file upload23.txt (compact mmCIF, C-alpha atoms and all ligand atoms)
# COMPACT_ATOMS: atom_id res chain seq x y z
CA MET G 250 -5.28 -11.56 -8.88
CA THR G 251 -7.89 -13.40 -10.91
CA ALA G 252 -9.04 -12.45 -14.37
CA LEU G 253 -12.69 -11.53 -14.65
CA VAL G 254 -15.23 -13.57 -16.56
CA ASP G 255 -17.62 -12.31 -19.22
CA GLY G 256 -14.93 -10.95 -21.51
CA VAL G 257 -13.69 -8.35 -19.04
CA CYS G 258 -10.18 -9.17 -17.97
CA ILE G 259 -7.71 -7.20 -15.87
CA ASP G 260 -4.72 -9.29 -16.77
CA PRO G 261 -2.12 -8.02 -16.10
CA PRO G 262 -3.70 -5.98 -13.31
CA ARG G 263 -3.36 -2.21 -13.55
CA LEU G 264 -2.82 -1.59 -9.85
CA LEU G 265 -1.92 -4.81 -8.07
CA GLY G 266 1.12 -5.69 -10.22
CA CYS G 267 4.57 -4.63 -9.11
CA HIS G 268 6.10 -1.46 -10.56
CA GLU G 269 9.55 0.09 -10.50
CA PRO G 270 9.74 3.66 -9.14
CA THR G 271 9.29 6.08 -12.02
CA SER G 272 10.09 9.72 -12.36
CA ILE G 273 7.42 11.57 -14.40
CA ASP G 274 8.85 14.67 -16.04
CA ASP G 275 5.69 16.17 -17.58
CA ALA G 276 4.69 19.75 -16.80
CA PRO G 277 2.11 20.15 -13.98
CA GLU G 278 -0.51 21.66 -16.34
CA ARG G 279 -0.25 18.68 -18.72
CA LEU G 280 -0.55 16.21 -15.84
CA LEU G 281 -3.61 18.00 -14.48
CA ALA G 282 -5.18 18.13 -17.96
CA ALA G 283 -4.64 14.35 -18.30
CA LEU G 284 -6.42 13.78 -14.96
CA GLU G 285 -9.34 15.91 -16.10
CA GLU G 286 -9.53 14.02 -19.40
CA SER G 287 -9.36 10.68 -17.55
CA GLY G 288 -12.43 11.48 -15.44
CA LEU G 289 -10.73 9.93 -12.39
CA THR G 290 -12.80 10.12 -9.20
CA GLY G 291 -11.59 9.50 -5.65
CA ARG G 292 -11.51 5.89 -4.44
CA GLY G 293 -11.58 6.77 -0.70
CA GLY G 294 -15.38 6.66 -0.50
CA ALA G 295 -16.98 9.90 -1.71
CA GLY G 296 -16.04 9.59 -5.40
CA PHE G 297 -15.17 13.28 -5.85
CA PRO G 298 -13.47 14.25 -9.17
CA THR G 299 -9.72 14.28 -8.51
CA HIS G 300 -8.80 17.16 -10.84
CA ILE G 301 -11.40 19.47 -9.19
CA LYS G 302 -10.00 18.71 -5.75
CA MET G 303 -6.47 19.47 -6.97
CA ARG G 304 -7.60 22.78 -8.49
CA GLY G 305 -9.16 23.65 -5.11
CA VAL G 306 -5.78 23.14 -3.39
CA LEU G 307 -3.97 25.05 -6.16
CA ALA G 308 -6.27 28.04 -5.60
CA GLY G 309 -4.81 28.46 -2.10
CA PRO G 310 -1.46 30.11 -1.33
CA ALA G 311 1.90 28.25 -1.56
CA PRO G 312 3.52 26.33 0.09
CA ARG G 313 1.11 23.41 -0.14
CA ILE G 314 1.11 19.87 1.22
CA VAL G 315 0.11 16.49 -0.20
CA VAL G 316 -0.92 13.36 1.73
CA ALA G 317 -1.47 9.80 0.50
CA ASN G 318 -4.22 8.46 2.75
CA GLY G 319 -3.76 4.75 3.45
CA ALA G 320 -5.35 4.72 6.93
CA GLU G 321 -8.09 2.27 5.88
CA GLY G 322 -9.97 2.45 9.17
CA GLU G 323 -12.94 0.60 7.65
CA PRO G 324 -12.76 -2.96 9.09
CA ALA G 325 -14.41 -4.60 6.07
CA SER G 326 -11.92 -3.07 3.62
CA GLN G 327 -8.49 -4.51 2.81
CA LYS G 328 -7.79 -2.89 -0.54
CA ASP G 329 -5.46 -0.09 0.58
CA LYS G 330 -3.31 -2.37 2.74
CA THR G 331 -3.17 -4.92 -0.10
CA LEU G 332 -2.20 -2.22 -2.61
CA LEU G 333 0.49 -0.75 -0.36
CA VAL G 334 2.08 -4.16 0.19
CA ALA G 335 1.76 -5.31 -3.45
CA ASN G 336 2.64 -2.12 -5.31
CA PRO G 337 3.72 0.81 -3.13
CA GLN G 338 5.74 2.36 -6.00
CA LEU G 339 2.65 3.12 -8.09
CA VAL G 340 1.10 4.92 -5.07
CA LEU G 341 4.34 6.85 -4.53
CA ASP G 342 4.53 7.78 -8.23
CA GLY G 343 1.00 9.19 -7.86
CA LEU G 344 1.98 11.04 -4.70
CA GLN G 345 4.89 12.73 -6.51
CA ILE G 346 2.62 13.63 -9.43
CA GLY G 347 0.06 15.10 -7.01
CA ALA G 348 2.87 17.09 -5.36
CA ARG G 349 4.05 18.37 -8.74
CA ILE G 350 0.53 19.36 -9.85
CA VAL G 351 -0.26 21.37 -6.71
CA GLY G 352 3.32 22.61 -6.26
CA ALA G 353 3.70 20.94 -2.85
CA GLU G 354 6.89 21.28 -0.86
CA ARG G 355 6.12 18.45 1.55
CA ALA G 356 4.51 15.06 1.08
CA PHE G 357 3.30 12.44 3.57
CA LEU G 358 2.55 8.75 3.23
CA TYR G 359 -0.03 7.95 5.93
CA VAL G 360 -0.48 4.20 6.34
CA HIS G 361 -2.45 1.74 8.48
CA ASP G 362 -0.38 0.68 11.49
CA ALA G 363 0.32 -2.90 10.35
CA PRO G 364 3.85 -4.42 10.19
CA ASP G 365 3.65 -5.67 6.58
CA VAL G 366 2.33 -2.32 5.34
CA ILE G 367 4.95 -0.32 7.22
CA SER G 368 7.87 -2.45 6.06
CA ALA G 369 6.66 -2.34 2.42
CA ALA G 370 6.44 1.46 2.68
CA ILE G 371 9.91 1.80 4.26
CA ARG G 372 11.49 -0.43 1.57
CA ALA G 373 9.75 1.47 -1.24
CA LEU G 374 10.80 4.88 0.08
CA ALA G 375 14.43 3.70 0.51
CA GLU G 376 14.46 2.39 -3.08
CA ARG G 377 13.25 5.75 -4.38
CA ARG G 378 15.85 7.65 -2.37
CA ALA G 379 18.62 5.36 -3.69
CA LYS G 380 17.45 5.99 -7.27
CA ALA G 381 16.89 9.73 -6.65
CA VAL G 382 13.61 9.73 -8.63
CA ASP G 383 11.65 12.15 -6.45
CA ASP G 384 11.36 15.95 -6.39
CA CYS G 385 9.50 16.07 -3.10
CA ASP G 386 10.67 14.38 0.10
CA VAL G 387 8.11 11.97 1.64
CA ALA G 388 7.62 11.42 5.38
CA LEU G 389 6.02 8.18 6.59
CA VAL G 390 3.35 8.50 9.32
CA THR G 391 1.30 5.63 10.80
CA ALA G 392 -2.47 5.80 11.29
CA PRO G 393 -3.91 4.16 14.41
CA ALA G 394 -6.33 1.33 13.61
CA ALA G 395 -9.47 3.37 14.34
CA PHE G 396 -12.53 4.04 12.19
CA VAL G 397 -12.13 7.82 12.07
CA SER G 398 -8.32 7.94 11.66
CA GLY G 399 -8.63 8.26 7.86
CA GLU G 400 -11.10 11.17 7.86
CA GLU G 401 -9.23 13.99 6.17
CA SER G 402 -9.02 16.35 9.16
CA SER G 403 -7.90 13.40 11.38
CA VAL G 404 -5.16 12.78 8.81
CA VAL G 405 -4.03 16.39 8.99
CA SER G 406 -4.06 16.37 12.79
CA ARG G 407 -2.02 13.15 12.99
CA ILE G 408 0.68 14.16 10.49
CA THR G 409 1.23 17.37 12.43
CA GLY G 410 1.75 15.48 15.70
CA GLY G 411 -1.81 15.59 17.08
CA PRO G 412 -4.37 12.81 17.69
CA ALA G 413 -5.96 11.10 14.67
CA VAL G 414 -9.43 12.54 15.33
CA PRO G 415 -11.49 14.90 13.17
CA ARG G 416 -11.40 18.60 13.90
CA SER G 417 -14.22 21.02 13.35
CA LYS G 418 -14.58 22.69 9.94
CA PRO G 419 -14.36 25.20 8.26
CA PRO G 420 -11.74 25.80 7.10
CA ARG G 421 -11.60 22.60 5.07
CA VAL G 422 -8.22 20.94 4.71
CA PHE G 423 -7.85 22.02 1.07
CA GLU G 424 -8.02 25.64 2.30
CA ALA G 425 -5.98 25.38 5.51
CA GLY G 426 -4.89 21.87 6.50
CA ALA G 427 -1.54 20.63 7.81
CA PHE G 428 0.49 23.48 9.40
CA GLY G 429 -2.27 25.83 8.20
CA ARG G 430 -1.30 25.17 4.56
CA PRO G 431 -3.62 24.13 1.68
CA THR G 432 -3.49 20.32 1.83
CA LEU G 433 -4.39 17.69 -0.75
CA VAL G 434 -5.55 14.47 0.98
CA GLN G 435 -5.97 11.74 -1.57
CA ASN G 436 -6.70 8.05 -1.03
CA VAL G 437 -3.75 5.75 -1.89
CA GLU G 438 -5.77 3.89 -4.55
CA THR G 439 -6.69 7.20 -6.19
CA LEU G 440 -2.98 8.07 -6.32
CA ALA G 441 -2.13 4.68 -7.85
CA HIS G 442 -4.62 5.51 -10.65
CA VAL G 443 -2.90 8.92 -10.99
CA GLY G 444 0.41 7.04 -11.46
CA TYR G 445 -1.23 4.72 -14.02
CA ILE G 446 -2.70 7.64 -16.00
CA ALA G 447 0.67 9.45 -16.10
CA ARG G 448 2.30 6.29 -17.55
CA HIS G 449 -0.42 5.11 -19.93
CA GLY G 450 -2.53 8.18 -20.72
CA ALA G 451 -6.11 9.24 -20.05
CA GLN G 452 -7.62 7.36 -23.00
CA GLU G 453 -6.13 4.03 -21.96
CA PHE G 454 -7.48 4.64 -18.42
CA ARG G 455 -10.96 5.33 -19.80
CA ARG G 456 -10.94 2.15 -21.89
CA LEU G 457 -12.50 0.35 -18.89
CA GLY G 458 -15.42 1.47 -16.74
CA PRO G 459 -18.41 3.69 -17.56
CA ALA G 460 -18.02 7.25 -18.88
CA SER G 461 -19.53 8.59 -15.64
CA GLN G 462 -16.88 6.88 -13.47
CA PRO G 463 -14.08 5.58 -15.67
CA GLY G 464 -11.34 3.10 -14.83
CA THR G 465 -10.95 0.12 -12.56
CA MET G 466 -11.49 -0.15 -8.84
CA LEU G 467 -10.28 -2.37 -6.02
CA PHE G 468 -13.16 -4.27 -4.40
CA THR G 469 -12.86 -6.10 -1.07
CA VAL G 470 -15.27 -9.02 -1.29
CA SER G 471 -15.98 -11.03 1.87
CA GLY G 472 -18.72 -12.87 3.78
CA SER G 473 -20.24 -16.01 2.27
CA VAL G 474 -17.90 -16.41 -0.72
CA HIS G 475 -15.34 -19.20 -1.15
CA ALA G 476 -12.31 -16.96 -1.79
CA PRO G 477 -12.67 -13.63 -0.01
CA GLY G 478 -10.13 -11.01 -1.03
CA VAL G 479 -9.29 -7.92 -3.05
CA ILE G 480 -10.29 -7.90 -6.71
CA GLU G 481 -9.44 -5.29 -9.32
CA ALA G 482 -12.31 -4.91 -11.75
CA PRO G 483 -13.74 -2.21 -14.02
CA VAL G 484 -16.15 0.16 -12.30
CA GLY G 485 -19.61 -1.00 -13.37
CA VAL G 486 -18.79 -4.72 -13.08
CA SER G 487 -21.82 -6.74 -12.05
CA LEU G 488 -21.97 -7.90 -8.45
CA ALA G 489 -22.60 -11.43 -9.73
CA GLU G 490 -19.27 -11.35 -11.64
CA LEU G 491 -17.40 -10.06 -8.59
CA ILE G 492 -18.81 -12.88 -6.47
CA GLU G 493 -17.86 -15.40 -9.14
CA VAL G 494 -14.26 -14.13 -9.13
CA ALA G 495 -14.31 -14.38 -5.32
CA GLY G 496 -14.85 -18.13 -5.69
CA GLY G 497 -18.65 -18.04 -5.87
CA LEU G 498 -21.19 -18.19 -3.05
CA SER G 499 -20.32 -20.48 -0.15
CA ALA G 500 -23.82 -20.32 1.36
CA HIS G 501 -27.28 -19.17 0.33
CA PRO G 502 -27.21 -15.33 0.61
CA GLN G 503 -29.85 -13.07 2.19
CA ALA G 504 -28.37 -9.55 1.78
CA VAL G 505 -25.25 -7.65 0.73
CA LEU G 506 -23.55 -4.73 2.46
CA LEU G 507 -22.19 -2.26 -0.08
CA GLY G 508 -19.72 0.51 0.76
CA GLY G 509 -18.78 -0.63 4.27
CA TYR G 510 -19.97 0.56 7.69
CA HIS G 511 -20.97 3.95 6.31
CA GLY G 512 -22.64 2.13 3.43
CA ALA G 513 -25.97 0.34 3.12
CA TRP G 514 -27.56 -3.11 3.08
CA THR G 515 -29.52 -4.33 0.14
CA PRO G 516 -31.54 -7.58 -0.08
CA TRP G 517 -30.07 -10.36 -2.24
CA ARG G 518 -32.98 -10.29 -4.73
CA VAL G 519 -31.96 -6.67 -5.55
CA ALA G 520 -28.18 -7.13 -5.12
CA ARG G 521 -27.92 -10.01 -7.60
CA GLU G 522 -28.91 -7.65 -10.45
CA LEU G 523 -26.66 -4.72 -9.48
CA ARG G 524 -23.77 -3.12 -11.33
CA MET G 525 -21.03 -1.56 -9.22
CA SER G 526 -21.03 2.08 -10.32
CA ASN G 527 -22.44 5.13 -8.58
CA GLU G 528 -24.55 5.89 -11.64
CA ALA G 529 -26.28 2.49 -11.28
CA LEU G 530 -26.44 2.44 -7.48
CA ARG G 531 -27.40 6.01 -6.49
CA PRO G 532 -31.02 5.81 -7.71
CA LEU G 533 -31.38 2.95 -5.17
CA GLY G 534 -29.80 5.00 -2.36
CA LEU G 535 -26.57 2.98 -2.60
CA SER G 536 -22.99 3.78 -3.61
CA VAL G 537 -19.78 1.86 -4.31
CA GLY G 538 -18.00 3.82 -1.56
CA ALA G 539 -14.51 2.39 -1.17
CA GLY G 540 -15.48 -0.89 -2.85
CA VAL G 541 -16.58 -2.97 0.14
CA VAL G 542 -18.88 -5.92 -0.61
CA VAL G 543 -19.96 -8.25 2.23
CA VAL G 544 -22.34 -11.10 1.41
CA LEU G 545 -24.49 -12.06 4.40
CA PRO G 546 -25.55 -15.73 4.45
CA ALA G 547 -29.19 -16.67 5.01
CA ASP G 548 -28.41 -18.31 8.36
CA ALA G 549 -26.90 -15.13 9.88
CA CYS G 550 -29.04 -12.85 12.03
CA GLY G 551 -28.95 -9.54 10.12
CA PRO G 552 -30.27 -7.38 13.00
CA ALA G 553 -27.70 -8.87 15.41
CA GLU G 554 -24.89 -8.22 12.88
CA ALA G 555 -26.11 -4.63 12.41
CA ALA G 556 -26.36 -4.08 16.18
CA ARG G 557 -22.72 -5.17 16.65
CA VAL G 558 -21.57 -2.75 13.95
CA LEU G 559 -23.65 0.12 15.39
CA ARG G 560 -22.09 -0.40 18.83
CA TYR G 561 -18.65 -0.40 17.19
CA LEU G 562 -19.42 2.83 15.28
CA ALA G 563 -20.63 4.48 18.49
CA ASP G 564 -17.46 3.38 20.34
CA GLU G 565 -15.23 4.58 17.51
CA SER G 566 -16.51 8.16 17.38
CA ALA G 567 -14.12 10.85 18.50
CA GLY G 568 -16.63 11.78 21.22
CA GLN G 569 -16.42 15.50 20.48
CA CYS G 570 -19.81 16.45 19.04
CA GLY G 571 -23.35 16.01 20.39
CA PRO G 572 -24.50 13.43 17.82
CA CYS G 573 -21.54 11.19 18.66
CA VAL G 574 -21.60 11.74 22.44
CA PHE G 575 -25.37 11.30 22.90
CA GLY G 576 -26.94 10.16 19.64
CA LEU G 577 -24.87 7.23 18.35
CA PRO G 578 -24.54 5.37 21.69
CA ALA G 579 -28.31 5.77 22.27
CA LEU G 580 -29.08 4.53 18.75
CA ALA G 581 -26.81 1.49 19.18
CA ALA G 582 -28.21 0.73 22.65
CA SER G 583 -31.87 0.98 21.60
CA TYR G 584 -31.35 -1.13 18.47
CA THR G 585 -29.48 -3.75 20.54
CA GLU G 586 -32.36 -3.86 23.04
CA LEU G 587 -34.89 -4.18 20.22
CA VAL G 588 -32.89 -7.05 18.69
CA GLY G 589 -32.89 -8.71 22.12
CA ASN G 590 -36.68 -8.11 22.31
CA ARG G 591 -36.36 -6.09 25.53
CA SER G 592 -38.76 -3.14 26.16
CA ALA G 593 -39.49 -3.20 22.45
CA GLY G 594 -42.19 -0.50 22.42
CA ARG G 595 -40.03 2.06 24.24
CA HIS G 596 -36.99 1.38 22.02
CA ARG G 597 -39.01 1.52 18.80
CA ARG G 598 -40.24 5.00 19.80
CA ARG G 599 -36.68 6.05 20.67
CA LEU G 600 -35.35 4.76 17.34
CA ALA G 601 -37.97 6.83 15.52
CA GLU G 602 -36.81 10.03 17.30
CA LEU G 603 -33.02 9.62 17.40
CA PRO G 604 -32.18 10.07 13.69
CA MET G 605 -33.35 13.71 13.87
CA MET G 606 -30.74 14.35 16.58
CA LEU G 607 -27.99 12.91 14.40
CA GLU G 608 -28.69 14.02 10.87
CA ARG G 609 -26.22 16.61 9.50
CA ARG G 610 -25.23 17.63 13.01
CA GLY G 611 -21.74 16.12 13.31
CA GLY G 612 -18.41 17.87 12.90
CA CYS G 613 -17.67 15.19 10.30
CA HIS G 614 -19.65 12.66 8.26
CA HIS G 615 -19.44 9.89 10.90
CA PRO G 616 -22.96 10.28 12.37
CA ASP G 617 -24.56 10.59 8.91
CA GLY G 618 -22.64 7.57 7.60
CA SER G 619 -23.65 5.52 10.67
CA LEU G 620 -27.26 6.61 10.27
CA ARG G 621 -27.27 5.49 6.66
CA PHE G 622 -26.06 2.05 7.78
CA PHE G 623 -28.75 1.92 10.51
CA ARG G 624 -31.60 2.96 8.21
CA SER G 625 -30.72 0.35 5.61
CA ALA G 626 -30.50 -2.37 8.29
CA GLU G 627 -33.84 -1.26 9.71
CA GLY G 628 -35.45 -1.61 6.27
CA VAL G 629 -33.75 -4.75 4.95
CA PHE G 630 -33.99 -6.77 8.19
CA ALA G 631 -37.47 -5.56 9.25
CA ASP G 632 -39.19 -8.91 8.58
CA HIS G 633 -36.53 -10.83 10.43
CA LEU G 634 -36.66 -8.44 13.38
CA ALA G 635 -40.41 -9.04 13.56
CA THR G 636 -39.69 -12.73 14.26
CA HIS G 637 -37.70 -11.65 17.35
CA ARG G 638 -40.90 -10.16 18.76
CA ARG G 639 -42.37 -13.63 18.94
CA GLY G 640 -39.52 -14.80 21.17
CA ARG G 641 -35.88 -15.33 20.40
CA CYS G 642 -34.10 -15.40 17.03
CA PRO G 643 -35.21 -18.52 15.10
CA LEU G 644 -31.79 -18.88 13.37
CA PRO G 645 -29.10 -21.21 14.73
CA ARG G 646 -26.27 -19.44 16.57
CA ARG G 647 -23.23 -19.02 14.32
CA GLU G 648 -19.96 -17.11 14.14
CA PRO G 649 -20.42 -13.38 13.40
CA VAL G 650 -19.89 -12.46 9.74
CA LEU G 651 -18.92 -8.77 9.88
CA PRO G 652 -15.49 -7.97 11.35
CA VAL G 653 -15.78 -5.77 14.43
CA PRO G 654 -12.42 -4.88 16.01
CA VAL G 655 -12.05 -4.03 19.68
CA THR G 656 -12.03 -0.26 20.22
CA VAL G 657 -8.79 0.94 21.84
CA ARG G 658 -8.84 4.30 23.62
C1 LIG N 1 -15.21 8.73 9.42
C2 LIG N 1 -14.47 8.79 8.13
C3 LIG N 1 -13.39 7.92 7.89
C4 LIG N 1 -12.67 7.97 6.69
N1 LIG N 1 -11.64 7.08 6.50
C5 LIG N 1 -10.94 7.11 5.34
C6 LIG N 1 -9.85 6.20 5.13
O1 LIG N 1 -9.55 5.35 5.99
N2 LIG N 1 -9.17 6.30 3.96
C7 LIG N 1 -9.50 7.23 3.00
O2 LIG N 1 -8.83 7.30 1.95
N3 LIG N 1 -10.51 8.10 3.16
C8 LIG N 1 -11.23 8.05 4.31
N4 LIG N 1 -12.25 8.96 4.51
C9 LIG N 1 -12.49 9.96 3.46
C10 LIG N 1 -11.47 11.11 3.60
O3 LIG N 1 -12.03 12.09 4.48
C11 LIG N 1 -11.16 11.78 2.27
O4 LIG N 1 -12.38 12.17 1.67
C12 LIG N 1 -10.41 10.86 1.30
O5 LIG N 1 -9.17 10.43 1.83
C13 LIG N 1 -10.19 11.61 0.02
O6 LIG N 1 -9.57 10.82 -0.92
P1 LIG N 1 -10.13 10.61 -2.41
O7 LIG N 1 -10.64 11.94 -2.90
O8 LIG N 1 -8.91 10.16 -3.15
O9 LIG N 1 -11.19 9.57 -2.32
C14 LIG N 1 -13.01 8.92 5.69
C15 LIG N 1 -14.08 9.80 5.91
C16 LIG N 1 -14.82 9.72 7.10
C17 LIG N 1 -15.97 10.67 7.32
S1 LIG N 2 -19.13 13.92 14.39
FE1 LIG N 2 -18.30 12.39 15.82
S2 LIG N 2 -16.51 11.54 14.80
FE2 LIG N 2 -17.07 13.43 13.72
S3 LIG N 2 -15.88 15.07 14.70
FE3 LIG N 2 -17.80 15.00 15.81
S4 LIG N 2 -17.46 13.56 17.53
FE4 LIG N 2 -15.79 13.26 16.04
call {"tool": "encode", "arguments": {"input": "upload23.txt", "output": "structure tokens", "more": "lines below"}}
Ligand SMILES: Cc1cc2nc3c(=O)[nH]c(=O)nc-3n(C[C@H](O)[C@H](O)[C@H](O)COP(=O)(O)O)c2cc1C
Ligand code: SF4
result
Amino acid sequence: MTALVDGVCIDPPRLLGCHEPTSIDDAPERLLAALEESGLTGRGGAGFPTHIKMRGVLAGPAPRIVVANGAEGEPASQKDKTLLVANPQLVLDGLQIGARIVGAERAFLYVHDAPDVISAAIRALAERRAKAVDDCDVALVTAPAAFVSGEESSVVSRITGGPAVPRSKPPRVFEAGAFGRPTLVQNVETLAHVGYIARHGAQEFRRLGPASQPGTMLFTVSGSVHAPGVIEAPVGVSLAELIEVAGGLSAHPQAVLLGGYHGAWTPWRVARELRMSNEALRPLGLSVGAGVVVVLPADACGPAEAARVLRYLADESAGQCGPCVFGLPALAASYTELVGNRSAGRHRRRLAELPMMLERRGGCHHPDGSLRFFRSAEGVFADHLATHRRGRCPLPRREPVLPVPVTVR
């Protein structure tokens, strides 16, 4: 963990240090009031206020269920795996506090299926059992390495023995989730902040970050930087500072992907001025999402990178709803053909029609998130794509920048 420049320093880090398991004895109402005062918002992507979500679960009938979501299906994100290996006890403290607030009888720790993450989770749970710090027993469940395995209804399906794919809604999981019970699904980083707030108080939490989105956040910075990795920084940090902490630029940049594969591209001339909060980014159609930042070097072919990701997103859908069965594969195929300068006129017409078939039509947010990625690529890389029309890509061939795993069915 590196301290930030410009007078903002997370040293020692709030989240990525190493904590002992702690039993928090406060009453549920006081804990919930502290979360409300803290202004904590979810760190899993949507940024929803945590206390409001908990009240939604509390409004349903007992018994209730709590899940720590560490699936991290987003290939460009490493922050949840890093957190679970570095400091699983703070996540588990937060899980117990969540269970106490909503009066849950069962809790689940749902983690990415990676050996280091699983062994850190097993060790941490054994340590807590030996010290008898927990009220609520925690079951460990692994998430397959797939893009949709962390969507909240996929999470609920998997922990109840089904496949990790989204199911149609309503009811939403907070109304009737695992075993038909009201279920709180909270990202593991969000729960680590819950653990921090219970130890240090809402005011200390709010000391960093803007009033609209207080606290720190874990950012995964990769692409053309010298030291890619996970950085804890206050929400609202400038992108330039984040890149500096990630070792600085390793190549001249052309664009930055913010928020991952459901996020959006922005050109470097805009990105270099940005601050990483939703308040600053939303007017530009951007969001911090789950803190993914990928810097694309000037010698990478943006349209080719985007086409690879679109094919991946199409392959990773659960294949249950029309937009995913017909729309996403067609979108990926037409964009790939356009990038390869094949039947360009026909594919441009197709790409103009397809978004209407996708928008707000999925059983989950996957088609809309993929469409957002596509639209931003279409805009930001338009000039470069125009050069493809005059023949082949003028850039030298190089290794792909964005990680695209092989889809396993
Ligand atoms: C396709 C898809 C994949 C998702 N993957 C994850 C994930 O890997 N981890 C995660 O915490 N949330 C993921 N989410 C968001 C969850 O549905 C849910 O909103 C989140 O876990 C809530 O946590 P938070 O309120 O603490 O942010 C995903 C959503 C979608 C639509
Ligand atoms: S929209 Fe796609 S990913 Fe979401 S539930 Fe339907 S088929 Fe599955």
call {"tool": "residues_near_ligand", "arguments": {"input": "upload23.txt", "ligand": "ligand LIG 1 (chain N)", "cutoff": "6 Å", "atoms": "all atoms listed in the file", "output": "list in words"}}
result
Gly291, Arg292, Gly293, Gly294, Ala295, Gly296, Phe297, Asn318, Gly319, Ala320, Glu321, Gly322, Phe396, Val397, Gly399, Glu400, Glu401, Val434, Gln435, Asn436, Thr439, Cys613, His614 and His615 of chain G
call {"tool": "closest_residue", "arguments": {"input": "upload23.txt", "among": "G:Arg416, G:His633, G:Arg557, G:Arg641", "to": "ligand LIG 2 (chain N)", "atoms": "only C-alpha atoms and all ligand atoms"}}
result
G:Arg416
call {"tool": "closest_atom_pairs", "arguments": {"input": "upload23.txt", "of": "region 402-507 of chain G", "to": "region 273-280 of chain G", "cutoff": "10 Å", "atoms": "all atoms listed in the file", "output": "tab-separated table"}}
result
residue	atom	partner	partner_atom	distance
G:Val443	CA	G:Leu280	CA	9.1
G:Gly444	CA	G:Ile273	CA	8.8
G:Ile446	CA	G:Leu280	CA	8.8
G:Ala447	CA	G:Leu280	CA	6.9
G:Arg448	CA	G:Ile273	CA	8.0
G:Gly450	CA	G:Leu280	CA	9.6
G:Ala451	CA	G:Leu280	CA	9.9
call {"tool": "write_last_selection", "arguments": {"input": "upload23.txt", "atoms": "C-alpha atoms", "output": "PDB file, keeping the file's coordinate frame"}}
result
ATOM      1  CA  VAL G 443      -2.900   8.920 -10.990  1.00  0.00           C
ATOM      2  CA  GLY G 444       0.410   7.040 -11.460  1.00  0.00           C
ATOM      3  CA  ILE G 446      -2.700   7.640 -16.000  1.00  0.00           C
ATOM      4  CA  ALA G 447       0.670   9.450 -16.100  1.00  0.00           C
ATOM      5  CA  ARG G 448       2.300   6.290 -17.550  1.00  0.00           C
ATOM      6  CA  GLY G 450      -2.530   8.180 -20.720  1.00  0.00           C
ATOM      7  CA  ALA G 451      -6.110   9.240 -20.050  1.00  0.00           C
TER       8      ALA G 451
END
call {"tool": "residues_near_ligand", "arguments": {"input": "upload23.txt", "ligand": "ligand LIG 2 (chain N)", "cutoff": "8 Å", "atoms": "all atoms listed in the file", "output": "PyMOL selection string"}}
result
chain G and resi 397+414-417+565-574+610-616
call {"tool": "atom_distance", "arguments": {"input": "upload23.txt", "atom1": "CA of Val544 (chain G)", "atom2": "CA of Pro393 (chain G)"}}
result
27.2 Å
call {"tool": "closest_residue", "arguments": {"input": "upload23.txt", "among": "G:Leu562, G:Glu602, G:Ser499, G:Gly594", "to": "Asp617 (chain G)", "atoms": "all atoms listed in the file"}}
result
G:Leu562
call {"tool": "residues_around", "arguments": {"input": "upload23.txt", "residues": "Thr636 (chain G)", "least_positions_apart": "3", "cutoff": "12 Å", "atoms": "all atoms listed in the file", "output": "list in words"}}
result
Cys550, Gly551, Pro552, Leu587, Val588, Gly589, Asn590, Phe630, Ala631, Asp632, His633, Arg639, Gly640, Arg641, Cys642, Pro643 and Leu644 of chain G
call {"tool": "closest_residue", "arguments": {"input": "upload23.txt", "among": "G:Arg638, G:Ala555, G:Ser487, G:Val543", "to": "Leu530 (chain G)", "atoms": "all atoms listed in the file"}}
result
G:Ser487
call {"tool": "residues_around", "arguments": {"input": "upload23.txt", "residues": "region 457-471 of chain G", "least_positions_apart": "2", "cutoff": "7 Å", "atoms": "all atoms listed in the file", "output": "PyMOL selection string"}}
result
chain G and resi 288-290+326-328+454-455+473-474+477-485+495+528+540-544
call {"tool": "write_last_selection", "arguments": {"input": "upload23.txt", "atoms": "C-alpha atoms", "output": "JSON list (two decimals), in the coordinates of the input"}}
result
[["chain", "number", "residue", "atom", "x", "y", "z"],
["G", 288, "GLY", "CA", -12.43, 11.48, -15.44],
["G", 289, "LEU", "CA", -10.73, 9.93, -12.39],
["G", 290, "THR", "CA", -12.80, 10.12, -9.20],
["G", 326, "SER", "CA", -11.92, -3.07, 3.62],
["G", 327, "GLN", "CA", -8.49, -4.51, 2.81],
["G", 328, "LYS", "CA", -7.79, -2.89, -0.54],
["G", 454, "PHE", "CA", -7.48, 4.64, -18.42],
["G", 455, "ARG", "CA", -10.96, 5.33, -19.80],
["G", 473, "SER", "CA", -20.24, -16.01, 2.27],
["G", 474, "VAL", "CA", -17.90, -16.41, -0.72],
["G", 477, "PRO", "CA", -12.67, -13.63, -0.01],
["G", 478, "GLY", "CA", -10.13, -11.01, -1.03],
["G", 479, "VAL", "CA", -9.29, -7.92, -3.05],
["G", 480, "ILE", "CA", -10.29, -7.90, -6.71],
["G", 481, "GLU", "CA", -9.44, -5.29, -9.32],
["G", 482, "ALA", "CA", -12.31, -4.91, -11.75],
["G", 483, "PRO", "CA", -13.74, -2.21, -14.02],
["G", 484, "VAL", "CA", -16.15, 0.16, -12.30],
["G", 485, "GLY", "CA", -19.61, -1.00, -13.37],
["G", 495, "ALA", "CA", -14.31, -14.38, -5.32],
["G", 528, "GLU", "CA", -24.55, 5.89, -11.64],
["G", 540, "GLY", "CA", -15.48, -0.89, -2.85],
["G", 541, "VAL", "CA", -16.58, -2.97, 0.14],
["G", 542, "VAL", "CA", -18.88, -5.92, -0.61],
["G", 543, "VAL", "CA", -19.96, -8.25, 2.23],
["G", 544, "VAL", "CA", -22.34, -11.10, 1.41]]
